[in-house]
file my_file-v7.cif (mmCIF, C-alpha atoms and all ligand atoms)
data_entry
loop_
_atom_site.label_atom_id
_atom_site.label_comp_id
_atom_site.auth_asym_id
_atom_site.auth_seq_id
_atom_site.Cartn_x
_atom_site.Cartn_y
_atom_site.Cartn_z
CA MET A 41 -4.91 26.10 -3.98
CA PRO A 42 -5.30 25.07 -0.31
CA VAL A 43 -2.19 25.16 1.90
CA ILE A 44 -1.30 21.55 2.66
CA THR A 45 0.97 21.06 5.67
CA ASN A 46 0.21 17.47 6.67
CA ILE A 47 -1.48 14.28 5.48
CA ASN A 48 -4.64 15.07 7.46
CA ASP A 49 -5.20 18.20 5.36
CA LEU A 50 -5.33 15.96 2.30
CA LYS A 51 -7.65 13.54 4.06
CA ARG A 52 -10.17 16.29 4.82
CA LEU A 53 -10.23 17.43 1.18
CA TYR A 54 -10.42 13.81 0.03
CA GLN A 55 -13.48 13.17 2.18
CA ARG A 56 -15.24 16.17 0.65
CA ARG A 57 -14.45 15.35 -2.97
CA VAL A 58 -14.80 11.58 -3.35
CA PRO A 59 -18.07 9.59 -3.23
CA ARG A 60 -18.76 8.11 0.20
CA MET A 61 -18.56 4.53 -1.08
CA PHE A 62 -14.89 4.94 -2.06
CA TYR A 63 -13.94 7.02 0.97
CA ASP A 64 -15.41 4.30 3.20
CA TYR A 65 -13.62 1.61 1.19
CA ALA A 66 -10.23 3.19 1.96
CA GLU A 67 -10.96 4.48 5.42
CA SER A 68 -11.91 1.24 7.07
CA GLY A 69 -10.46 -1.88 8.58
CA SER A 70 -12.01 -5.28 9.08
CA TRP A 71 -14.56 -6.05 11.80
CA THR A 72 -13.95 -3.94 14.96
CA GLU A 73 -11.05 -2.09 13.27
CA GLN A 74 -8.80 -2.67 16.29
CA THR A 75 -5.77 -3.53 14.15
CA PHE A 76 -6.52 -0.62 11.79
CA ARG A 77 -6.48 1.79 14.77
CA GLU A 78 -3.42 0.27 16.45
CA ASN A 79 -1.38 0.48 13.23
CA THR A 80 -1.28 4.24 13.79
CA SER A 81 -1.54 4.49 17.58
CA ASP A 82 1.43 2.10 18.05
CA PHE A 83 3.63 4.44 15.99
CA ASP A 84 2.68 7.20 18.47
CA GLN A 85 4.06 5.15 21.37
CA ILE A 86 7.58 5.34 19.94
CA ARG A 87 9.40 8.59 20.73
CA LEU A 88 12.46 10.19 19.21
CA ARG A 89 15.83 10.98 20.73
CA GLN A 90 16.74 14.61 20.15
CA ARG A 91 20.42 15.33 19.50
CA VAL A 92 22.07 18.73 19.16
CA ALA A 93 25.27 20.29 17.89
CA VAL A 94 25.56 17.85 14.99
CA ASP A 95 26.43 19.35 11.60
CA MET A 96 23.25 18.76 9.60
CA THR A 97 24.34 20.15 6.26
CA GLY A 98 24.36 17.90 3.21
CA ARG A 99 21.58 15.63 4.45
CA SER A 100 19.96 13.15 2.09
CA THR A 101 16.92 10.90 2.32
CA ALA A 102 18.03 8.96 -0.77
CA THR A 103 18.73 5.25 -0.42
CA GLN A 104 17.88 1.98 -2.21
CA MET A 105 15.01 -0.51 -2.06
CA ILE A 106 15.72 -3.93 -3.64
CA GLY A 107 18.74 -2.38 -5.33
CA GLU A 108 16.75 0.44 -6.96
CA ASP A 109 17.63 4.06 -6.19
CA VAL A 110 14.84 5.88 -4.33
CA ALA A 111 14.59 9.56 -3.35
CA MET A 112 13.32 8.36 0.04
CA PRO A 113 12.50 4.87 1.33
CA VAL A 114 8.76 5.19 0.70
CA ALA A 115 7.02 3.23 -2.06
CA LEU A 116 3.37 3.60 -3.06
CA ALA A 117 1.60 0.43 -1.88
CA PRO A 118 -0.72 -1.52 -4.16
CA VAL A 119 -4.24 -0.19 -3.65
CA GLY A 120 -7.23 -1.73 -5.40
CA LEU A 121 -9.75 0.56 -7.13
CA THR A 122 -7.36 3.53 -7.07
CA GLY A 123 -8.93 4.63 -10.35
CA MET A 124 -12.25 5.07 -8.53
CA GLN A 125 -10.70 7.54 -6.06
CA HIS A 126 -9.84 9.80 -8.98
CA ALA A 127 -10.20 9.39 -12.74
CA ASP A 128 -7.17 7.48 -14.12
CA GLY A 129 -5.92 7.25 -10.54
CA GLU A 130 -3.30 4.57 -11.11
CA MET A 131 -1.78 6.40 -14.09
CA LYS A 132 -1.68 9.65 -12.14
CA ALA A 133 -0.25 8.14 -8.95
CA ALA A 134 2.38 6.24 -10.95
CA LYS A 135 3.41 9.44 -12.73
CA ALA A 136 3.66 11.33 -9.43
CA ALA A 137 5.80 8.53 -7.95
CA GLU A 138 8.06 8.46 -11.01
CA ASP A 139 8.56 12.24 -10.94
CA PHE A 140 9.35 12.11 -7.23
CA GLY A 141 11.72 9.16 -7.55
CA VAL A 142 9.91 6.51 -5.51
CA PRO A 143 8.48 3.12 -6.60
CA PHE A 144 4.85 2.71 -7.59
CA THR A 145 3.13 -0.65 -7.10
CA LEU A 146 0.15 -1.46 -9.31
CA SER A 147 -2.53 -3.70 -7.76
CA THR A 148 -4.05 -6.63 -9.64
CA MET A 149 -7.40 -5.07 -8.65
CA SER A 150 -6.65 -1.73 -10.29
CA ILE A 151 -8.92 0.22 -12.62
CA ASN A 152 -6.15 1.28 -15.06
CA SER A 153 -4.52 -1.79 -16.58
CA ILE A 154 -0.84 -2.77 -16.51
CA GLU A 155 -0.59 -1.48 -20.09
CA ASP A 156 -2.27 1.86 -19.21
CA VAL A 157 0.27 2.51 -16.44
CA ALA A 158 3.17 1.48 -18.68
CA SER A 159 1.96 3.99 -21.28
CA ALA A 160 1.82 6.79 -18.67
CA THR A 161 5.33 6.21 -17.27
CA THR A 162 8.87 5.87 -18.56
CA LYS A 163 10.51 3.95 -15.71
CA PRO A 164 9.66 0.44 -14.52
CA PHE A 165 6.99 0.10 -11.83
CA TRP A 166 6.22 -2.87 -9.56
CA PHE A 167 3.25 -5.19 -10.10
CA GLN A 168 1.31 -6.74 -7.24
CA LEU A 169 -0.14 -10.17 -7.84
CA TYR A 170 -3.15 -11.79 -6.19
CA THR A 171 -3.20 -15.49 -6.85
CA MET A 172 -6.30 -16.84 -8.54
CA LYS A 173 -7.71 -20.30 -9.10
CA ASP A 174 -7.43 -19.73 -12.87
CA THR A 175 -3.73 -20.44 -13.29
CA ASP A 176 -3.80 -19.61 -17.02
CA TYR A 177 -5.08 -16.15 -16.16
CA VAL A 178 -2.32 -15.75 -13.53
CA SER A 179 0.30 -16.79 -16.11
CA ARG A 180 -1.09 -14.25 -18.57
CA LEU A 181 -0.95 -11.54 -15.87
CA ILE A 182 2.67 -12.41 -15.12
CA GLN A 183 3.50 -12.29 -18.84
CA ARG A 184 1.76 -8.90 -19.18
CA ALA A 185 3.80 -7.56 -16.23
CA LYS A 186 6.99 -8.86 -17.91
CA ASP A 187 6.00 -7.27 -21.24
CA ALA A 188 5.40 -3.97 -19.41
CA LYS A 189 8.98 -4.26 -18.01
CA CYS A 190 7.85 -4.26 -14.36
CA SER A 191 10.99 -4.50 -12.24
CA ALA A 192 9.51 -6.46 -9.31
CA LEU A 193 6.61 -8.77 -8.61
CA VAL A 194 4.94 -8.16 -5.26
CA ILE A 195 3.03 -11.29 -4.25
CA THR A 196 0.39 -10.58 -1.60
CA LEU A 197 0.00 -13.44 0.84
CA ASP A 198 -2.54 -12.16 3.36
CA LEU A 199 -5.67 -12.12 1.20
CA GLN A 200 -6.64 -15.62 0.15
CA ILE A 201 -10.08 -14.70 1.42
CA LEU A 202 -11.40 -11.19 2.00
CA GLY A 203 -11.59 -9.77 5.54
CA GLN A 204 -15.04 -8.35 6.20
CA ARG A 205 -15.32 -4.58 6.13
CA HIS A 206 -18.82 -3.73 7.24
CA LYS A 207 -19.18 -0.46 5.33
CA ASP A 208 -18.36 -2.02 1.95
CA LEU A 209 -21.20 -4.51 2.38
CA LYS A 210 -23.60 -1.81 3.51
CA ASN A 211 -22.60 0.53 0.66
CA GLY A 212 -22.71 -2.25 -1.96
CA LEU A 213 -19.16 -1.34 -3.06
CA SER A 214 -18.67 -1.83 -6.79
CA ALA A 215 -16.70 -0.38 -9.71
CA PRO A 216 -18.31 1.46 -11.35
CA PRO A 217 -20.80 2.28 -8.56
CA LYS A 218 -24.28 0.82 -8.97
CA LEU A 219 -26.78 3.64 -9.18
CA THR A 220 -29.04 3.09 -6.18
CA PRO A 221 -31.06 6.04 -4.81
CA SER A 222 -28.62 6.67 -1.93
CA THR A 223 -25.55 6.45 -4.23
CA LEU A 224 -27.17 8.87 -6.67
CA LEU A 225 -27.93 11.29 -3.85
CA ASN A 226 -24.30 11.20 -2.74
CA LEU A 227 -22.91 11.42 -6.30
CA ALA A 228 -25.02 14.53 -6.87
CA THR A 229 -22.68 16.35 -4.46
CA LYS A 230 -19.44 15.19 -6.16
CA TRP A 231 -19.40 17.12 -9.42
CA GLY A 232 -15.63 17.32 -9.79
CA TRP A 233 -15.30 13.57 -9.36
CA LEU A 234 -18.10 12.89 -11.85
CA ALA A 235 -16.65 15.24 -14.46
CA GLY A 236 -13.28 13.48 -14.21
CA MET A 237 -14.85 10.03 -14.39
CA ALA A 238 -16.79 10.96 -17.52
CA ARG A 239 -13.42 11.41 -19.27
CA ALA A 240 -11.55 8.52 -17.61
CA HIS A 241 -9.79 5.83 -19.67
CA ARG A 242 -11.59 3.17 -17.63
CA ARG A 243 -14.24 2.66 -14.98
CA GLU A 244 -13.94 -1.12 -14.54
CA PHE A 245 -11.20 -3.48 -13.33
CA GLY A 246 -8.68 -2.98 -16.15
CA ASN A 247 -6.61 -6.11 -15.50
CA ILE A 248 -9.67 -8.34 -15.43
CA VAL A 249 -12.43 -7.13 -17.73
CA GLY A 250 -11.64 -8.32 -21.25
CA HIS A 251 -8.91 -10.68 -19.97
CA VAL A 252 -11.03 -13.38 -18.31
CA GLU A 253 -14.11 -15.19 -19.52
CA GLY A 254 -17.22 -16.20 -17.62
CA ILE A 255 -17.12 -13.81 -14.67
CA SER A 256 -20.55 -13.49 -13.13
CA ASP A 257 -19.99 -9.99 -11.73
CA ALA A 258 -16.59 -8.35 -12.17
CA SER A 259 -17.83 -5.03 -10.79
CA SER A 260 -18.17 -6.40 -7.28
CA LEU A 261 -14.94 -6.81 -5.38
CA GLY A 262 -16.50 -9.17 -2.85
CA ALA A 263 -18.06 -11.45 -5.46
CA TRP A 264 -14.93 -11.59 -7.62
CA THR A 265 -12.66 -12.34 -4.64
CA ALA A 266 -14.90 -15.09 -3.31
CA GLU A 267 -15.12 -16.72 -6.74
CA GLN A 268 -11.60 -16.31 -8.06
CA PHE A 269 -8.96 -15.92 -5.35
CA ASP A 270 -7.07 -19.10 -4.59
CA PRO A 271 -7.71 -20.27 -1.02
CA SER A 272 -5.24 -23.13 -1.47
CA LEU A 273 -2.19 -20.87 -1.88
CA ASP A 274 0.77 -22.36 0.01
CA TRP A 275 4.58 -22.04 0.03
CA GLY A 276 4.92 -24.59 -2.81
CA LYS A 277 2.67 -22.49 -5.06
CA ILE A 278 4.50 -19.31 -4.06
CA GLU A 279 7.80 -20.89 -5.07
CA LYS A 280 6.34 -21.86 -8.47
CA LEU A 281 5.11 -18.30 -9.04
CA MET A 282 8.54 -16.93 -8.10
CA ASN A 283 10.15 -19.24 -10.65
CA GLU A 284 7.61 -18.36 -13.32
CA TRP A 285 8.37 -14.65 -12.80
CA GLY A 286 12.13 -15.16 -12.69
CA GLY A 287 12.88 -11.58 -11.55
CA LYS A 288 12.87 -9.72 -8.26
CA VAL A 289 10.14 -10.78 -5.84
CA ILE A 290 8.69 -9.04 -2.79
CA LEU A 291 6.48 -11.15 -0.52
CA LYS A 292 3.85 -8.92 1.10
CA GLY A 293 1.68 -9.53 4.13
CA ILE A 294 4.13 -11.23 6.50
CA LEU A 295 3.38 -10.66 10.19
CA ASP A 296 5.03 -13.62 11.87
CA ALA A 297 8.67 -14.59 12.39
CA GLU A 298 8.08 -18.20 11.25
CA ASP A 299 6.48 -17.01 7.99
CA ALA A 300 9.32 -14.53 7.54
CA LYS A 301 11.81 -17.41 7.82
CA MET A 302 9.92 -19.35 5.11
CA ALA A 303 9.93 -16.31 2.83
CA ALA A 304 13.66 -15.79 3.37
CA LYS A 305 14.32 -19.48 2.68
CA LEU A 306 12.52 -19.22 -0.67
CA GLY A 307 14.93 -16.47 -1.66
CA ALA A 308 12.57 -13.48 -1.77
CA ASP A 309 14.37 -10.19 -2.46
CA ALA A 310 12.28 -8.49 0.23
CA ILE A 311 9.36 -9.10 2.53
CA VAL A 312 6.76 -6.56 3.58
CA VAL A 313 5.80 -6.73 7.25
CA SER A 314 2.14 -5.84 6.80
CA ASN A 315 -1.37 -6.58 8.02
CA HIS A 316 -2.89 -5.05 4.87
CA GLY A 317 -3.55 -1.78 6.67
CA GLY A 318 -5.77 -3.55 9.23
CA ARG A 319 -8.12 -4.75 6.50
CA GLN A 320 -7.68 -8.52 6.89
CA LEU A 321 -7.17 -10.23 10.29
CA ASP A 322 -8.67 -7.91 12.87
CA GLY A 323 -6.99 -8.56 16.24
CA ALA A 324 -3.55 -9.07 14.68
CA LEU A 325 -0.76 -6.92 16.12
CA SER A 326 0.32 -3.77 14.33
CA SER A 327 3.14 -4.02 11.79
CA ILE A 328 5.45 -1.70 13.72
CA ARG A 329 5.03 -3.81 16.86
CA MET A 330 5.88 -7.01 14.97
CA LEU A 331 8.86 -5.49 13.17
CA PRO A 332 11.58 -6.05 15.85
CA GLU A 333 10.82 -9.77 16.23
CA ILE A 334 10.80 -10.30 12.46
CA LEU A 335 14.05 -8.37 12.06
CA ASP A 336 15.65 -10.55 14.75
CA ALA A 337 14.54 -13.64 12.83
CA VAL A 338 15.49 -12.71 9.25
CA GLY A 339 16.95 -9.20 9.16
CA ASP A 340 20.34 -10.50 8.04
CA GLN A 341 18.89 -12.74 5.28
CA VAL A 342 16.31 -10.67 3.44
CA GLU A 343 15.43 -7.01 3.00
CA VAL A 344 12.63 -6.22 5.42
CA HIS A 345 10.09 -3.55 4.44
CA LEU A 346 7.06 -2.35 6.40
CA ASP A 347 3.65 -0.89 5.76
CA SER A 348 0.39 -0.29 7.66
CA GLY A 349 -0.20 2.88 9.62
CA ILE A 350 2.34 5.26 8.07
CA ARG A 351 0.88 8.76 7.99
CA SER A 352 4.02 10.91 8.32
CA GLY A 353 7.72 11.14 7.65
CA GLN A 354 8.24 10.60 11.37
CA ASP A 355 6.55 7.19 11.06
CA VAL A 356 8.91 6.39 8.16
CA LEU A 357 11.90 7.38 10.28
CA LYS A 358 10.70 5.22 13.18
CA ALA A 359 10.39 2.14 10.95
CA MET A 360 13.78 2.76 9.31
CA ALA A 361 15.54 3.42 12.63
CA MET A 362 14.05 0.20 13.96
CA GLY A 363 15.80 -1.61 11.09
CA ALA A 364 13.43 -1.70 8.10
CA LYS A 365 14.99 -1.11 4.68
CA GLY A 366 11.93 0.49 3.13
CA THR A 367 8.33 1.47 3.78
CA TYR A 368 5.08 1.82 1.81
CA ILE A 369 2.15 4.20 2.08
CA GLY A 370 -1.38 3.18 1.15
CA ARG A 371 -4.02 5.53 2.47
CA ALA A 372 -1.64 8.49 2.76
CA PHE A 373 -1.28 8.67 -1.04
CA VAL A 374 -4.94 7.80 -1.67
CA TYR A 375 -5.99 10.84 0.39
CA GLY A 376 -3.79 13.00 -1.83
CA LEU A 377 -5.09 11.44 -5.03
CA GLY A 378 -8.75 11.84 -4.05
CA ALA A 379 -8.11 15.40 -2.89
CA MET A 380 -6.20 16.76 -5.88
CA GLY A 381 -5.30 14.03 -8.39
CA GLN A 382 -1.65 13.74 -9.42
CA ALA A 383 -0.76 17.01 -7.64
CA GLY A 384 -2.25 15.60 -4.45
CA VAL A 385 -0.06 12.47 -4.60
CA THR A 386 2.96 14.71 -5.14
CA SER A 387 1.82 16.80 -2.20
CA ALA A 388 1.54 13.68 0.03
CA LEU A 389 5.08 12.68 -0.97
CA GLU A 390 6.39 16.20 -0.34
CA VAL A 391 4.80 16.35 3.11
CA ILE A 392 6.30 12.99 4.09
CA HIS A 393 9.68 13.89 2.64
CA LYS A 394 9.83 17.17 4.53
CA GLU A 395 8.84 15.52 7.80
CA LEU A 396 11.42 12.77 7.28
CA ASP A 397 14.19 15.20 6.42
CA THR A 398 13.50 17.60 9.30
CA THR A 399 13.15 14.77 11.81
CA MET A 400 16.44 13.25 10.62
CA ALA A 401 18.15 16.60 11.17
CA LEU A 402 16.72 17.09 14.67
CA CYS A 403 17.73 13.54 15.58
CA GLY A 404 21.28 14.38 14.48
CA GLU A 405 21.35 12.14 11.40
CA ARG A 406 22.40 13.05 7.88
CA SER A 407 21.60 9.86 6.00
CA ILE A 408 18.99 7.12 5.93
CA ASP A 409 21.69 4.49 6.33
CA GLY A 410 22.85 6.24 9.52
CA LEU A 411 19.46 5.81 11.24
CA ASN A 412 19.47 3.20 13.98
CA ARG A 413 17.79 2.02 17.16
CA ASP A 414 19.63 4.73 19.17
CA ASN A 415 17.46 7.39 17.48
CA LEU A 416 14.38 5.93 19.17
CA LEU A 417 12.90 5.77 22.64
CA VAL A 418 10.78 2.63 22.64
CA PRO A 419 8.59 1.58 25.59
CA GLN A 420 9.85 -1.57 27.31
CA GLY A 421 8.34 -4.73 25.87
CA PHE A 422 7.03 -2.87 22.79
CA GLY A 423 8.32 -5.42 20.30
CA GLY A 424 8.47 -8.30 22.75
CA ARG A 425 6.80 -11.63 22.10
CA TRP A 426 3.14 -11.84 23.12
CA ALA A 427 2.42 -15.23 24.66
C1 LIG B 501 -8.27 0.98 -0.20
C2 LIG B 501 -7.17 -0.04 -0.08
C3 LIG B 501 -7.06 -1.01 -1.07
C4 LIG B 501 -6.01 -1.93 -1.00
N1 LIG B 501 -5.84 -2.84 -2.01
C5 LIG B 501 -4.78 -3.68 -1.99
C6 LIG B 501 -4.52 -4.54 -3.10
O1 LIG B 501 -5.22 -4.52 -4.09
N2 LIG B 501 -3.44 -5.35 -3.00
C7 LIG B 501 -2.63 -5.39 -1.90
O2 LIG B 501 -1.68 -6.16 -1.86
N3 LIG B 501 -2.85 -4.56 -0.87
C8 LIG B 501 -3.89 -3.71 -0.89
N4 LIG B 501 -4.09 -2.85 0.14
C9 LIG B 501 -3.14 -2.83 1.26
C10 LIG B 501 -2.00 -1.84 0.96
O3 LIG B 501 -1.16 -2.33 -0.04
C11 LIG B 501 -1.14 -1.59 2.20
O4 LIG B 501 -0.74 -2.81 2.74
C12 LIG B 501 -1.89 -0.78 3.25
O5 LIG B 501 -2.67 0.24 2.67
C13 LIG B 501 -0.89 -0.15 4.21
O6 LIG B 501 -1.54 0.54 5.23
P1 LIG B 501 -1.82 2.12 5.24
O7 LIG B 501 -3.00 2.33 4.35
O8 LIG B 501 -2.13 2.38 6.67
O9 LIG B 501 -0.58 2.80 4.72
C14 LIG B 501 -5.12 -1.91 0.09
C15 LIG B 501 -5.25 -0.92 1.07
C16 LIG B 501 -6.26 0.02 0.98
C17 LIG B 501 -6.36 1.09 2.04
#

call {"tool": "encode", "arguments": {"input": "my_file-v7.cif", "output": "C-alpha cells"}}
result
Amino acid sequence: MPVITNINDLKRLYQRRVPRMFYDYAESGSWTEQTFRENTSDFDQIRLRQRVAVDMTGRSTATQMIGEDVAMPVALAPVGLTGMQHADGEMKAAKAAEDFGVPFTLSTMSINSIEDVASATTKPFWFQLYTMKDTDYVSRLIQRAKDAKCSALVITLDLQILGQRHKDLKNGLSAPPKLTPSTLLNLATKWGWLAGMARAHRREFGNIVGHVEGISDASSLGAWTAEQFDPSLDWGKIEKLMNEWGGKVILKGILDAEDAKMAAKLGADAIVVSNHGGRQLDGALSSIRMLPEILDAVGDQVEVHLDSGIRSGQDVLKAMAMGAKGTYIGRAFVYGLGAMGQAGVTSALEVIHKELDTTMALCGERSIDGLNRDNLLVPQGFGGRWA
C-alpha cells in the first residue's frame, strides 16, 4: 500500500492506472485552460494568519450543509463518467462519502444509475440534474431521484452547451471506449482497470441507456449533449423544475452576483459558486476570486457553497473563512477513485480532513463556524470587481 500524504500522490497513481482517455477527460479545462489553471493558482495567492497560544483541544470540523450534518464541509461534486475512472465508481465513491460522513452528488451523466447508488448506500445522496429537451425524460429522472430518497436536487446551470475540451475530441471520448488501435495500445497497459471493468455492473450511461428511446449514440458525451441538452433553459424553467422537485434545491454553476440574486430570489436552499472546474467558459474568473462579490450580494439570503480548484484542506479553509458555507471536490476525489477505488476516495477525504483540521489549529480556530475573514491574508483587490 503506497503512503499517501497529499492529493498529488493520488493523482500520480491515478495517471498510471486509468486509461489515458479518462485521465485526459478529468484533467482538462476548456480551450486554453486559463480558468482551469487559475482555479488553483488563485487559491495560492491567499495566505493564512498564524495565531499562537490558543487552546486547540476539542477541535471539530463538523458542521452542516443545507441543514444536513457533515463531518467536514466538503461534498463530492457531481462528476460524469465516474464509473469509467474505476469499475462501479459512483457506487464506490458514494459508499466512501457515506462512511466518512460527507454528501455524495450523483451526476445525470453517471455510469451507475440512481438505483445502483441507492442500492449501495443507506443514507440519502444528492442528485444532479442536467436539463434536457425531452421534458418527459426529465420528469422521469426527477421521479426516480424522489423514489431513491435523494435529499437534494442539484440543478447545474452552466452547461446548456458543452465547452470544448480539445483532448476529448482528439481521444474520441466515449463510454465504453471505442476500440481504435491507439486506445487498444493504451488499454493493454491498464490491466487492473480492465479486470475491474470486466466485472462492473455497468459500462454505459446508467441513467440514460434503457430510459430514453431513439438516441443516435449514447456512448458519446459530445453527441448526446449536443442533441439532448436544453439550450433554452432560463429562470422560468428553473423555477418549474424546483416546483416539480418540491424538496431542497442547490443551484450550481453561479459565477456572477446578478445571477446569484436571481437564484436567491427563486428560493434556492444553496448556490454553488462554480465555473465547472474550468471546463465551460474559458476566460471566466476563478470561483474563489468571485466568492467575495457574490457573498456581498446574497450571503445573507442563501447558503453559498463553492467548488473549482480545491485540492487541499487549506483550500477548504480559505473558502470557508471567506464566508462560504460548504465546498465540493471534483478532481480531488476522482484521483483517489482512479488510484485505489473506494479506499482511494476515503484516502482523499482523509488527506483533506487532516489538512483542514491542522490548519484550523495553527490558525487558532477550534470550529468551522469560528472561521472568518480574519484568518486570511488576501491580496488587495483580490475579490474586487473587474471592470
Ligand atoms: C471529469 C469531470 C466531470 C464532470 N461532470 C459533471 C457533471 O456531470 N455535472 C456537473 O454538474 N458537473 C460536472 N463536473 C464539474 C464538477 O461538478 C465540479 O464543478 C468541478 O469538478 C469542481 O472543480 P475541481 O475538479 O477543480 O474540484 C465535472 C467535473 C469533472 C472534472

call {"tool": "residues_near_point", "arguments": {"input": "my_file-v7.cif", "point": "(-16.1, -16.7, -0.3)", "cutoff": "12 Å", "atoms": "all atoms listed in the file", "output": "number ranges by chain"}}
result
A: 199-204, 261-271

call {"tool": "closest_residue", "arguments": {"input": "my_file-v7.cif", "among": "A:Ile195, A:Leu295, A:Ala337, A:Met302", "to": "ligand LIG 501 (chain B)", "atoms": "only C-alpha atoms and all ligand atoms"}}
result
A:Ile195

call {"tool": "atom_distance", "arguments": {"input": "my_file-v7.cif", "atom1": "CA of Ala308 (chain A)", "atom2": "CA of Val356 (chain A)"}}
result
22.5 Å

call {"tool": "closest_residue", "arguments": {"input": "my_file-v7.cif", "among": "A:Leu306, A:Leu281, A:Ile151, A:Met124", "to": "Pro217 (chain A)", "atoms": "only C-alpha atoms"}}
result
A:Met124

call {"tool": "closest_atom_pairs", "arguments": {"input": "my_file-v7.cif", "of": "chain A", "to": "ligand LIG 501 (chain B)", "cutoff": "6 Å", "atoms": "only C-alpha atoms and all ligand atoms", "output": "tab-separated table"}}
result
residue	atom	partner	partner_atom	distance
A:Tyr65	CA	B:LIG501	C1	5.6
A:Ala66	CA	B:LIG501	C1	3.7
A:Ala117	CA	B:LIG501	O3	4.3
A:Pro118	CA	B:LIG501	O3	4.2
A:Val119	CA	B:LIG501	N1	3.5
A:Gly120	CA	B:LIG501	O1	3.7
A:Ser147	CA	B:LIG501	O1	4.6
A:Met149	CA	B:LIG501	O1	5.1
A:Thr196	CA	B:LIG501	O2	4.9
A:Ser314	CA	B:LIG501	O4	5.8
A:His316	CA	B:LIG501	O4	3.8
A:Gly317	CA	B:LIG501	O6	3.4
A:Asp347	CA	B:LIG501	C13	4.9
A:Ser348	CA	B:LIG501	O6	3.2
A:Gly349	CA	B:LIG501	O8	3.6
A:Ile350	CA	B:LIG501	O9	5.1
A:Ile369	CA	B:LIG501	O9	4.0
A:Gly370	CA	B:LIG501	O5	3.6
A:Arg371	CA	B:LIG501	O7	3.8

call {"tool": "residues_around", "arguments": {"input": "my_file-v7.cif", "residues": "Leu197 (chain A)", "least_positions_apart": "2", "cutoff": "10 Å", "atoms": "all atoms listed in the file", "output": "ChimeraX atom specification"}}
result
/A:169-171,194-195,199-200,273-275,278,291-294,314,316

call {"tool": "closest_residue", "arguments": {"input": "my_file-v7.cif", "among": "A:Val178, A:Leu389, A:Asp64, A:Asp95", "to": "Pro143 (chain A)", "atoms": "all atoms listed in the file"}}
result
A:Leu389

call {"tool": "closest_residue", "arguments": {"input": "my_file-v7.cif", "among": "A:Arg180, A:His126, A:Arg425, A:Lys210", "to": "Asn247 (chain A)", "atoms": "only C-alpha atoms"}}
result
A:Arg180

call {"tool": "closest_residue", "arguments": {"input": "my_file-v7.cif", "among": "A:Met360, A:Ile106, A:His251, A:Leu213", "to": "Gly287 (chain A)", "atoms": "only C-alpha atoms"}}
result
A:Ile106

call {"tool": "closest_residue", "arguments": {"input": "my_file-v7.cif", "among": "A:Met172, A:Met362, A:Leu325, A:Ala310", "to": "Val342 (chain A)", "atoms": "all atoms listed in the file"}}
result
A:Ala310

call {"tool": "residues_around", "arguments": {"input": "my_file-v7.cif", "residues": "Arg413 (chain A)", "least_positions_apart": "6", "cutoff": "12 Å", "atoms": "all atoms listed in the file", "output": "JSON, numbers by chain"}}
result
{"A": [86, 87, 88, 89, 332, 357, 358, 359, 360, 361, 362, 363, 364, 403]}

call {"tool": "atom_distance", "arguments": {"input": "my_file-v7.cif", "atom1": "CA of Ile311 (chain A)", "atom2": "CA of Gly423 (chain A)"}}
result
18.2 Å

call {"tool": "residues_around", "arguments": {"input": "my_file-v7.cif", "residues": "Arg77 (chain A)", "least_positions_apart": "4", "cutoff": "9 Å", "atoms": "all atoms listed in the file", "output": "MDAnalysis selection string"}}
result
chainID A and resid 69 73 81:82 318 326 349

call {"tool": "atom_distance", "arguments": {"input": "my_file-v7.cif", "atom1": "CA of Pro113 (chain A)", "atom2": "CA of Tyr54 (chain A)"}}
result
24.6 Å

call {"tool": "build_atoms", "arguments": {"input": "my_file-v7.cif", "residues": "region 104-111 of chain A", "atoms": "N, CA, C and O atoms", "output": "PDB file, in the coordinates of the input"}}
result
ATOM      1  N   GLN A 104      18.304   2.978  -1.220  1.00  0.00           N
ATOM      2  CA  GLN A 104      17.880   1.980  -2.210  1.00  0.00           C
ATOM      3  C   GLN A 104      16.835   1.061  -1.599  1.00  0.00           C
ATOM      4  O   GLN A 104      16.863   0.794  -0.400  1.00  0.00           O
ATOM      5  N   MET A 105      15.905   0.600  -2.437  1.00  0.00           N
ATOM      6  CA  MET A 105      15.010  -0.510  -2.060  1.00  0.00           C
ATOM      7  C   MET A 105      15.178  -1.566  -3.141  1.00  0.00           C
ATOM      8  O   MET A 105      15.147  -1.236  -4.336  1.00  0.00           O
ATOM      9  N   ILE A 106      15.372  -2.794  -2.751  1.00  0.00           N
ATOM     10  CA  ILE A 106      15.720  -3.930  -3.640  1.00  0.00           C
ATOM     11  C   ILE A 106      16.688  -3.515  -4.760  1.00  0.00           C
ATOM     12  O   ILE A 106      16.514  -3.850  -5.922  1.00  0.00           O
ATOM     13  N   GLY A 107      17.687  -2.755  -4.376  1.00  0.00           N
ATOM     14  CA  GLY A 107      18.740  -2.380  -5.330  1.00  0.00           C
ATOM     15  C   GLY A 107      18.367  -1.235  -6.247  1.00  0.00           C
ATOM     16  O   GLY A 107      19.168  -0.826  -7.090  1.00  0.00           O
ATOM     17  N   GLU A 108      17.157  -0.690  -6.125  1.00  0.00           N
ATOM     18  CA  GLU A 108      16.750   0.440  -6.960  1.00  0.00           C
ATOM     19  C   GLU A 108      16.928   1.738  -6.180  1.00  0.00           C
ATOM     20  O   GLU A 108      16.558   1.816  -4.994  1.00  0.00           O
ATOM     21  N   ASP A 109      17.457   2.765  -6.852  1.00  0.00           N
ATOM     22  CA  ASP A 109      17.630   4.060  -6.190  1.00  0.00           C
ATOM     23  C   ASP A 109      16.261   4.677  -5.902  1.00  0.00           C
ATOM     24  O   ASP A 109      15.375   4.672  -6.764  1.00  0.00           O
ATOM     25  N   VAL A 110      16.094   5.202  -4.683  1.00  0.00           N
ATOM     26  CA  VAL A 110      14.840   5.880  -4.330  1.00  0.00           C
ATOM     27  C   VAL A 110      15.177   7.217  -3.658  1.00  0.00           C
ATOM     28  O   VAL A 110      16.161   7.312  -2.921  1.00  0.00           O
ATOM     29  N   ALA A 111      14.343   8.233  -3.930  1.00  0.00           N
ATOM     30  CA  ALA A 111      14.590   9.560  -3.350  1.00  0.00           C
ATOM     31  C   ALA A 111      14.367   9.539  -1.843  1.00  0.00           C
ATOM     32  O   ALA A 111      14.926  10.353  -1.100  1.00  0.00           O
TER      33      ALA A 111
END
